[in-house]
file input.pdb (PDB, C-alpha atoms)
MODEL        1
ATOM      1  CA  MET A   1       4.619  -6.213  21.909
ATOM      2  CA  THR A   2       1.695  -5.879  19.489
ATOM      3  CA  ILE A   3       1.443  -3.031  17.005
ATOM      4  CA  GLU A   4      -1.471  -1.700  19.077
ATOM      5  CA  GLU A   5       0.646  -1.611  22.248
ATOM      6  CA  GLN A   6       3.460   0.107  20.342
ATOM      7  CA  LEU A   7       1.062   2.763  19.084
ATOM      8  CA  ARG A   8      -0.233   3.317  22.600
ATOM      9  CA  GLN A   9       3.290   3.579  23.987
ATOM     10  CA  ASP A  10       5.070   5.642  21.311
ATOM     11  CA  GLY A  11       2.266   7.273  19.378
ATOM     12  CA  PHE A  12       3.679   5.914  16.129
ATOM     13  CA  VAL A  13       5.062   2.772  14.599
ATOM     14  CA  LEU A  14       7.407   2.241  11.679
ATOM     15  CA  THR A  15       6.820  -1.116  10.095
ATOM     16  CA  LEU A  16       7.185  -2.971   6.825
ATOM     17  CA  SER A  17       4.275  -3.515   4.449
ATOM     18  CA  VAL A  18       2.860  -7.033   4.519
ATOM     19  CA  GLY A  19       0.574  -8.646   1.960
ATOM     20  CA  VAL A  20      -0.709  -7.566  -1.430
ATOM     21  CA  SER A  21      -4.102  -6.056  -0.615
ATOM     22  CA  MET A  22      -2.813  -2.480  -0.999
ATOM     23  CA  LYS A  23      -1.036  -3.038  -4.311
ATOM     24  CA  PRO A  24       0.033  -1.142  -6.375
ATOM     25  CA  MET A  25       0.646   1.478  -3.686
ATOM     26  CA  LEU A  26       2.225  -0.936  -1.218
ATOM     27  CA  THR A  27       3.974  -4.157  -2.091
ATOM     28  CA  GLN A  28       4.965  -7.090   0.085
ATOM     29  CA  GLN A  29       7.885  -6.233   2.448
ATOM     30  CA  THR A  30       9.055  -3.278   0.387
ATOM     31  CA  GLU A  31       7.796  -0.010   1.874
ATOM     32  CA  GLN A  32       8.351   1.164   5.421
ATOM     33  CA  LEU A  33       5.071   2.501   6.729
ATOM     34  CA  LEU A  34       4.717   5.286   9.257
ATOM     35  CA  ILE A  35       1.508   4.642  11.160
ATOM     36  CA  GLU A  36       0.370   7.042  13.860
ATOM     37  CA  LYS A  37      -2.044   6.581  16.704
ATOM     38  CA  LEU A  38      -5.508   7.773  15.802
ATOM     39  CA  THR A  39      -6.155  11.205  17.294
ATOM     40  CA  ALA A  40      -8.980  12.439  15.061
ATOM     41  CA  GLU A  41     -11.775  10.872  13.077
ATOM     42  CA  PRO A  42     -10.474   9.293   9.840
ATOM     43  CA  LYS A  43     -11.620  10.897   6.623
ATOM     44  CA  GLU A  44     -12.580   9.404   3.285
ATOM     45  CA  ASN A  45      -9.470   8.157   1.412
ATOM     46  CA  ASP A  46      -7.360   7.883   4.581
ATOM     47  CA  VAL A  47      -5.542   4.575   4.951
ATOM     48  CA  VAL A  48      -6.283   3.211   8.404
ATOM     49  CA  LEU A  49      -5.058   0.360  10.548
ATOM     50  CA  PHE A  50      -7.867  -1.641  12.133
ATOM     51  CA  ARG A  51      -8.296  -4.881  13.988
ATOM     52  CA  ARG A  52     -10.677  -7.514  12.666
ATOM     53  CA  SER A  53     -12.746  -9.596  15.085
ATOM     54  CA  THR A  54     -10.293 -12.438  14.375
ATOM     55  CA  GLY A  55      -7.507 -10.289  15.884
ATOM     56  CA  GLN A  56      -5.848  -9.713  12.508
ATOM     57  CA  TYR A  57      -4.478  -6.213  11.865
ATOM     58  CA  VAL A  58      -5.331  -4.768   8.468
ATOM     59  CA  LEU A  59      -4.287  -1.579   6.694
ATOM     60  CA  HIS A  60      -6.917  -0.510   4.133
ATOM     61  CA  ARG A  61      -8.474   2.644   2.712
ATOM     62  CA  VAL A  62     -11.595   4.402   3.971
ATOM     63  CA  ILE A  63     -14.134   4.507   1.142
ATOM     64  CA  ARG A  64     -17.072   6.029   2.969
ATOM     65  CA  ARG A  65     -18.276   6.899   6.431
ATOM     66  CA  THR A  66     -21.842   6.045   7.368
ATOM     67  CA  LYS A  67     -23.629   6.893  10.618
ATOM     68  CA  VAL A  68     -22.470   3.753  12.381
ATOM     69  CA  HIS A  69     -19.420   2.437  10.601
ATOM     70  CA  TYR A  70     -16.727   2.940   7.970
ATOM     71  CA  ARG A  71     -16.707   1.191   4.641
ATOM     72  CA  ILE A  72     -13.121   0.144   4.030
ATOM     73  CA  ARG A  73     -11.380  -1.559   1.113
ATOM     74  CA  GLY A  74      -7.848  -2.477   0.104
ATOM     75  CA  ASP A  75      -6.602  -0.873  -3.118
ATOM     76  CA  ASN A  76      -6.126  -4.335  -4.599
ATOM     77  CA  CYS A  77      -9.451  -5.696  -3.336
ATOM     78  CA  CYS A  78     -12.969  -5.776  -4.691
ATOM     79  CA  ARG A  79     -14.698  -6.491  -1.411
ATOM     80  CA  THR A  80     -15.619  -3.624   0.888
ATOM     81  CA  GLU A  81     -15.934  -4.333   4.592
ATOM     82  CA  LYS A  82     -17.773  -2.610   7.396
ATOM     83  CA  VAL A  83     -15.543  -1.489  10.218
ATOM     84  CA  HIS A  84     -16.706   0.078  13.463
ATOM     85  CA  PRO A  85     -14.878   3.203  14.642
ATOM     86  CA  GLN A  86     -13.614   1.464  17.792
ATOM     87  CA  GLN A  87     -11.816  -1.127  15.638
ATOM     88  CA  ILE A  88      -9.630   1.557  14.047
ATOM     89  CA  ILE A  89      -6.382   2.105  15.924
ATOM     90  CA  GLY A  90      -4.052   3.965  13.593
ATOM     91  CA  ILE A  91      -3.681   5.985  10.448
ATOM     92  CA  LEU A  92      -1.043   5.827   7.706
ATOM     93  CA  LYS A  93       0.832   9.153   7.743
ATOM     94  CA  GLY A  94       3.242   8.225   4.994
ATOM     95  CA  PHE A  95       5.608   5.591   3.671
ATOM     96  CA  TYR A  96       9.123   5.224   2.314
ATOM     97  CA  LYS A  97       9.421   4.111  -1.284
ATOM     98  CA  GLY A  98      13.143   3.552  -1.582
ATOM     99  CA  ASP A  99      14.606   6.551   0.201
ATOM    100  CA  LYS A 100      11.746   8.877  -0.669
ATOM    101  CA  PHE A 101       9.143   9.613   1.985
ATOM    102  CA  ILE A 102       5.642   9.885   0.555
ATOM    103  CA  ASN A 103       3.548  12.022   2.878
ATOM    104  CA  CYS A 104      -0.102  10.988   2.552
ATOM    105  CA  GLU A 105      -1.291  14.464   3.537
ATOM    106  CA  THR A 106       0.835  16.553   1.205
ATOM    107  CA  ASP A 107       2.291  14.482  -1.635
ATOM    108  CA  LYS A 108       0.664  15.509  -4.932
ATOM    109  CA  GLY A 109       1.582  12.289  -6.740
ATOM    110  CA  TYR A 110      -0.018  10.276  -3.959
ATOM    111  CA  LYS A 111      -3.188  12.366  -4.080
ATOM    112  CA  ALA A 112      -3.417  11.913  -7.850
ATOM    113  CA  TYR A 113      -3.004   8.158  -7.373
ATOM    114  CA  VAL A 114      -5.860   8.076  -4.850
ATOM    115  CA  ILE A 115      -8.222   9.942  -7.189
ATOM    116  CA  LEU A 116      -7.295   7.747 -10.152
ATOM    117  CA  TRP A 117      -7.638   4.558  -8.151
ATOM    118  CA  ARG A 118     -11.028   5.526  -6.741
ATOM    119  CA  ILE A 119     -12.389   6.596 -10.143
ATOM    120  CA  SER A 120     -11.201   3.426 -11.855
ATOM    121  CA  TYR A 121     -12.766   1.088  -9.269
ATOM    122  CA  PRO A 122     -15.933   0.181 -11.267
ATOM    123  CA  LEU A 123     -13.744  -0.733 -14.220
ATOM    124  CA  ARG A 124     -11.407  -2.848 -12.085
ATOM    125  CA  PHE A 125     -14.379  -4.489 -10.384
ATOM    126  CA  ALA A 126     -15.944  -5.377 -13.775
ATOM    127  CA  ALA A 127     -12.632  -6.773 -15.028
ATOM    128  CA  HIS A 128     -12.279  -8.832 -11.860
ATOM    129  CA  GLN A 129     -15.800 -10.256 -12.253
ATOM    130  CA  CYS A 130     -15.155 -11.135 -15.920
ATOM    131  CA  LEU A 131     -11.862 -12.846 -15.167
ATOM    132  CA  ARG A 132     -13.198 -14.786 -12.203
ATOM    133  CA  PRO A 133     -14.643 -17.762 -14.147
ATOM    134  CA  ILE A 134     -11.451 -17.961 -16.222
ATOM    135  CA  ARG A 135      -9.277 -18.009 -13.097
ATOM    136  CA  LYS A 136     -11.554 -20.624 -11.544
ATOM    137  CA  ALA A 137     -11.324 -22.821 -14.644
ATOM    138  CA  ILE A 138      -7.525 -22.551 -14.690
ATOM    139  CA  SER A 139      -7.234 -23.470 -11.031
ATOM    140  CA  MET A 140      -9.544 -26.498 -11.548
ATOM    141  CA  LEU A 141      -7.434 -27.657 -14.503
ATOM    142  CA  ARG A 142      -4.304 -27.422 -12.375
ATOM    143  CA  ARG A 143      -5.725 -29.733  -9.687
TER
ATOM    144  CA  MET B   1      30.404  -8.470  15.435
ATOM    145  CA  LYS B   2      27.568  -7.237  13.266
ATOM    146  CA  LEU B   3      23.839  -6.821  13.267
ATOM    147  CA  LYS B   4      21.918 -10.050  12.928
ATOM    148  CA  TYR B   5      19.429  -8.556  10.464
ATOM    149  CA  LYS B   6      19.474  -6.024   7.656
ATOM    150  CA  PHE B   7      18.059  -2.739   8.933
ATOM    151  CA  VAL B   8      17.225   0.652   7.537
ATOM    152  CA  VAL B   9      17.311   3.700   9.824
ATOM    153  CA  ARG B  10      14.661   6.393   9.258
ATOM    154  CA  ASN B  11      14.135   9.700  10.950
ATOM    155  CA  VAL B  12      10.624  10.026  12.353
ATOM    156  CA  SER B  13      10.048  13.572  13.618
ATOM    157  CA  GLY B  14      13.654  13.825  14.806
ATOM    158  CA  GLN B  15      13.688  10.324  16.285
ATOM    159  CA  PRO B  16      15.980   7.799  14.570
ATOM    160  CA  VAL B  17      14.094   4.522  14.180
ATOM    161  CA  ALA B  18      15.390   1.282  12.681
ATOM    162  CA  VAL B  19      13.290  -1.426  11.061
ATOM    163  CA  ALA B  20      14.375  -4.722   9.582
ATOM    164  CA  VAL B  21      13.921  -4.906   5.838
ATOM    165  CA  GLY B  22      13.254  -7.614   3.261
ATOM    166  CA  LYS B  23      12.990 -11.201   4.455
ATOM    167  CA  ASP B  24      14.560 -10.195   7.784
ATOM    168  CA  SER B  25      11.351  -8.383   8.676
ATOM    169  CA  GLU B  26       9.748 -11.820   9.110
ATOM    170  CA  LYS B  27      12.313 -12.632  11.795
ATOM    171  CA  PHE B  28      12.282  -9.237  13.496
ATOM    172  CA  ASN B  29       9.147  -7.197  12.955
ATOM    173  CA  GLY B  30       9.486  -4.572  15.661
ATOM    174  CA  MET B  31      11.151  -1.182  15.494
ATOM    175  CA  VAL B  32      14.274  -0.019  17.321
ATOM    176  CA  LYS B  33      14.167   3.515  18.665
ATOM    177  CA  LEU B  34      17.644   4.999  18.802
ATOM    178  CA  ASN B  35      19.259   8.003  20.423
ATOM    179  CA  PRO B  36      21.909   9.952  18.438
ATOM    180  CA  SER B  37      24.849   7.937  19.782
ATOM    181  CA  GLY B  38      22.949   4.681  19.380
ATOM    182  CA  GLU B  39      22.239   5.623  15.779
ATOM    183  CA  VAL B  40      25.966   6.037  15.104
ATOM    184  CA  ILE B  41      26.851   2.646  16.629
ATOM    185  CA  PHE B  42      23.910   0.997  14.881
ATOM    186  CA  LYS B  43      25.037   2.316  11.507
ATOM    187  CA  MET B  44      28.645   1.190  12.117
ATOM    188  CA  LEU B  45      27.403  -2.313  12.931
ATOM    189  CA  SER B  46      25.170  -2.436   9.879
ATOM    190  CA  GLU B  47      27.901  -1.297   7.503
ATOM    191  CA  ALA B  48      30.581  -3.837   8.348
ATOM    192  CA  ASP B  49      31.716  -6.678  10.550
ATOM    193  CA  ILE B  50      33.567  -4.807  13.285
ATOM    194  CA  THR B  51      35.351  -5.595  16.549
ATOM    195  CA  GLN B  52      34.411  -3.996  19.860
ATOM    196  CA  GLU B  53      37.747  -2.160  19.943
ATOM    197  CA  GLU B  54      37.237  -0.745  16.448
ATOM    198  CA  LEU B  55      33.742   0.298  17.386
ATOM    199  CA  VAL B  56      34.944   2.164  20.492
ATOM    200  CA  SER B  57      37.762   3.794  18.556
ATOM    201  CA  GLN B  58      35.521   4.932  15.659
ATOM    202  CA  PHE B  59      32.804   6.105  18.033
ATOM    203  CA  ALA B  60      35.329   8.148  20.033
ATOM    204  CA  ALA B  61      36.670   9.717  16.836
ATOM    205  CA  GLN B  62      33.187  10.555  15.604
ATOM    206  CA  PHE B  63      32.217  12.401  18.790
ATOM    207  CA  ASP B  64      35.731  13.739  19.417
ATOM    208  CA  ILE B  65      36.028  12.130  22.853
ATOM    209  CA  THR B  66      38.579   9.754  24.410
ATOM    210  CA  GLU B  67      38.174   5.999  24.059
ATOM    211  CA  GLU B  68      37.896   5.728  27.858
ATOM    212  CA  THR B  69      34.868   8.015  27.789
ATOM    213  CA  ALA B  70      33.347   6.280  24.772
ATOM    214  CA  LYS B  71      33.742   2.699  25.975
ATOM    215  CA  PRO B  72      30.981   2.537  28.659
ATOM    216  CA  ALA B  73      28.398   4.044  26.301
ATOM    217  CA  VAL B  74      29.326   1.650  23.499
ATOM    218  CA  LEU B  75      29.295  -1.379  25.822
ATOM    219  CA  ARG B  76      25.926  -0.381  27.265
ATOM    220  CA  PHE B  77      24.446  -0.125  23.789
ATOM    221  CA  LEU B  78      25.972  -3.439  22.677
ATOM    222  CA  ASP B  79      24.530  -5.058  25.778
ATOM    223  CA  GLN B  80      21.073  -3.773  24.856
ATOM    224  CA  LEU B  81      21.441  -5.181  21.340
ATOM    225  CA  ARG B  82      22.566  -8.548  22.729
ATOM    226  CA  LYS B  83      19.637  -8.703  25.155
ATOM    227  CA  ASN B  84      17.255  -8.106  22.272
ATOM    228  CA  GLY B  85      18.935 -10.710  20.093
ATOM    229  CA  LEU B  86      20.047  -8.235  17.464
ATOM    230  CA  LEU B  87      23.800  -8.795  17.613
ATOM    231  CA  GLU B  88      25.754 -11.518  15.886
ATOM    232  CA  GLU B  89      29.178 -12.291  17.382
ATOM    233  CA  THR B  90      31.363 -13.226  14.464
ATOM    234  CA  VAL B  91      34.777 -13.593  16.103
TER
ENDMDL
END

call {"tool": "encode", "arguments": {"input": "input.pdb", "output": "structure tokens"}}
result
Amino acid sequence: MTIEEQLRQDGFVLTLSVGVSMKPMLTQQTEQLLIEKLTAEPKENDVVLFRRSTGQYVLHRVIRRTKVHYRIRGDNCCRTEKVHPQQIIGILKGFYKGDKFINCETDKGYKAYVILWRISYPLRFAAHQCLRPIRKAISMLRR
Amino acid sequence: MKLKYKFVVRNVSGQPVAVAVGKDSEKFNGMVKLNPSGEVIFKMLSEADITQEELVSQFAAQFDITEETAKPAVLRFLDQLRKNGLLEETV
């Protein structure tokens, strides 16, 4: 059963984080994520589950809503992608870090993290751009 | 017998739900919705390698019922776990 079918059937899904695109908030196979079926329009800063045209499911943060689509980006990514509303199937309600449940709607620490992470984006983007040629050179030397 | 994978049980709006954790999540990436008695059996199986008889006996003690009453419920649940490939027979 796909995650989309589970959401349709149960209204929620509890699953483990996969990948590094939402670091430092979510790390590979560490947090258990509570994702709920989408019942209302996602807001800015919500973390949503959407399906890419390739069929891949992705959990990233809403940066902005335009008239026709959402601009969405992973916390550990520099690239923002356009996602149509019909591609979005779920919303992250919260996650377990160890035994503590972090509620995305009410947790103050989480909200502070979101503000800090959004504000620091230009700085992180600039650092990423500066380090890119260095990383490229290192990877070429390794070959 | 014991559970094939390492699970953690969370309570989602009153519903116990188990998910595989760590590397085991690559082998089993779904979630297991449990009822209260299923949650008890699931936790017993995840804590130790246990025989069917011990499971029935501990389950009966936990719910303060006779082993005869407990046995069908335990066997039904074990059967479900087996069908879904979640149980490892160790004896």

call {"tool": "resolve_selection", "arguments": {"input": "input.pdb", "expression": "the ChimeraX specification (/B :<9) & /A", "output": "list in words"}}
result
Met1, Thr2, Ile3, Gln6, Phe12, Val13, Leu14, Thr15, Leu16, Gln28, Gln29, Thr30, Glu31, Gln32, Leu34 and Tyr96 of chain A

call {"tool": "write_last_selection", "arguments": {"input": "input.pdb", "atoms": "C-alpha atoms", "output": "compact mmCIF listing (two decimals), keeping the file's coordinate frame"}}
result
# COMPACT_ATOMS: atom_id res chain seq x y z
CA MET A 1 4.62 -6.21 21.91
CA THR A 2 1.70 -5.88 19.49
CA ILE A 3 1.44 -3.03 17.00
CA GLN A 6 3.46 0.11 20.34
CA PHE A 12 3.68 5.91 16.13
CA VAL A 13 5.06 2.77 14.60
CA LEU A 14 7.41 2.24 11.68
CA THR A 15 6.82 -1.12 10.10
CA LEU A 16 7.18 -2.97 6.82
CA GLN A 28 4.96 -7.09 0.08
CA GLN A 29 7.88 -6.23 2.45
CA THR A 30 9.06 -3.28 0.39
CA GLU A 31 7.80 -0.01 1.87
CA GLN A 32 8.35 1.16 5.42
CA LEU A 34 4.72 5.29 9.26
CA TYR A 96 9.12 5.22 2.31

call {"tool": "resolve_selection", "arguments": {"input": "input.pdb", "expression": "the PyMOL selection byres ((chain A and resi 55-59) around 10)", "output": "PDB file with C-alpha atoms, in the coordinates of the input"}}
result
ATOM      1  CA  THR A   2       1.695  -5.879  19.489  1.00  0.00           C
ATOM      2  CA  ILE A   3       1.443  -3.031  17.005  1.00  0.00           C
ATOM      3  CA  GLU A   4      -1.471  -1.700  19.077  1.00  0.00           C
ATOM      4  CA  SER A  17       4.275  -3.515   4.449  1.00  0.00           C
ATOM      5  CA  VAL A  18       2.860  -7.033   4.519  1.00  0.00           C
ATOM      6  CA  GLY A  19       0.574  -8.646   1.960  1.00  0.00           C
ATOM      7  CA  SER A  21      -4.102  -6.056  -0.615  1.00  0.00           C
ATOM      8  CA  MET A  22      -2.813  -2.480  -0.999  1.00  0.00           C
ATOM      9  CA  ILE A  35       1.508   4.642  11.160  1.00  0.00           C
ATOM     10  CA  VAL A  47      -5.542   4.575   4.951  1.00  0.00           C
ATOM     11  CA  VAL A  48      -6.283   3.211   8.404  1.00  0.00           C
ATOM     12  CA  LEU A  49      -5.058   0.360  10.548  1.00  0.00           C
ATOM     13  CA  PHE A  50      -7.867  -1.641  12.133  1.00  0.00           C
ATOM     14  CA  ARG A  51      -8.296  -4.881  13.988  1.00  0.00           C
ATOM     15  CA  ARG A  52     -10.677  -7.514  12.666  1.00  0.00           C
ATOM     16  CA  SER A  53     -12.746  -9.596  15.085  1.00  0.00           C
ATOM     17  CA  THR A  54     -10.293 -12.438  14.375  1.00  0.00           C
ATOM     18  CA  HIS A  60      -6.917  -0.510   4.133  1.00  0.00           C
ATOM     19  CA  ARG A  61      -8.474   2.644   2.712  1.00  0.00           C
ATOM     20  CA  VAL A  62     -11.595   4.402   3.971  1.00  0.00           C
ATOM     21  CA  ILE A  72     -13.121   0.144   4.030  1.00  0.00           C
ATOM     22  CA  ARG A  73     -11.380  -1.559   1.113  1.00  0.00           C
ATOM     23  CA  GLY A  74      -7.848  -2.477   0.104  1.00  0.00           C
ATOM     24  CA  GLN A  87     -11.816  -1.127  15.638  1.00  0.00           C
ATOM     25  CA  ILE A  88      -9.630   1.557  14.047  1.00  0.00           C
ATOM     26  CA  ILE A  89      -6.382   2.105  15.924  1.00  0.00           C
ATOM     27  CA  GLY A  90      -4.052   3.965  13.593  1.00  0.00           C
ATOM     28  CA  ILE A  91      -3.681   5.985  10.448  1.00  0.00           C
ATOM     29  CA  LEU A  92      -1.043   5.827   7.706  1.00  0.00           C
TER      30      LEU A  92
END

call {"tool": "residues_around", "arguments": {"input": "input.pdb", "residues": "segment 46-54 of chain B", "least_positions_apart": "5", "cutoff": "8 Å", "atoms": "all atoms listed in the file", "output": "list in words"}}
result
Met1, Lys2, Leu3, Lys6, Phe7 and Thr90 of chain B

call {"tool": "residues_near_point", "arguments": {"input": "input.pdb", "point": "(19.3, 12.9, 17.6)", "cutoff": "10 Å", "atoms": "only C-alpha atoms", "output": "number ranges by chain"}}
result
B: 11, 14-16, 34-40

call {"tool": "resolve_selection", "arguments": {"input": "input.pdb", "expression": "the PyMOL selection byres ((chain B and resi 73) around 12)", "output": "list of chain:residue names"}}
result
B:Asn35, B:Pro36, B:Ser37, B:Gly38, B:Val40, B:Ile41, B:Gln52, B:Leu55, B:Val56, B:Phe59, B:Ala60, B:Phe63, B:Ile65, B:Thr66, B:Glu67, B:Glu68, B:Thr69, B:Ala70, B:Lys71, B:Pro72, B:Val74, B:Leu75, B:Arg76, B:Phe77, B:Leu78, B:Asp79, B:Gln80

call {"tool": "atom_distance", "arguments": {"input": "input.pdb", "atom1": "atom CA of Lys111 of chain A", "atom2": "atom CA of Gly94 of chain A"}}
result
11.9 Å

call {"tool": "closest_residue", "arguments": {"input": "input.pdb", "among": "B:Lys27, B:Asp64, B:Ser57, B:Leu45", "to": "Glu88 of chain B", "atoms": "all atoms listed in the file"}}
result
B:Leu45

call {"tool": "atom_distance", "arguments": {"input": "input.pdb", "atom1": "atom CA of Arg64 of chain A", "atom2": "atom CA of Glu44 of chain A"}}
result
5.6 Å

call {"tool": "closest_residue", "arguments": {"input": "input.pdb", "among": "A:Pro42, A:Leu7, A:Lys93, A:Glu36", "to": "Arg71 of chain A", "atoms": "all atoms listed in the file"}}
result
A:Pro42

call {"tool": "atom_distance", "arguments": {"input": "input.pdb", "atom1": "atom CA of Asn76 of chain A", "atom2": "atom CA of Lys37 of chain A"}}
result
24.3 Å
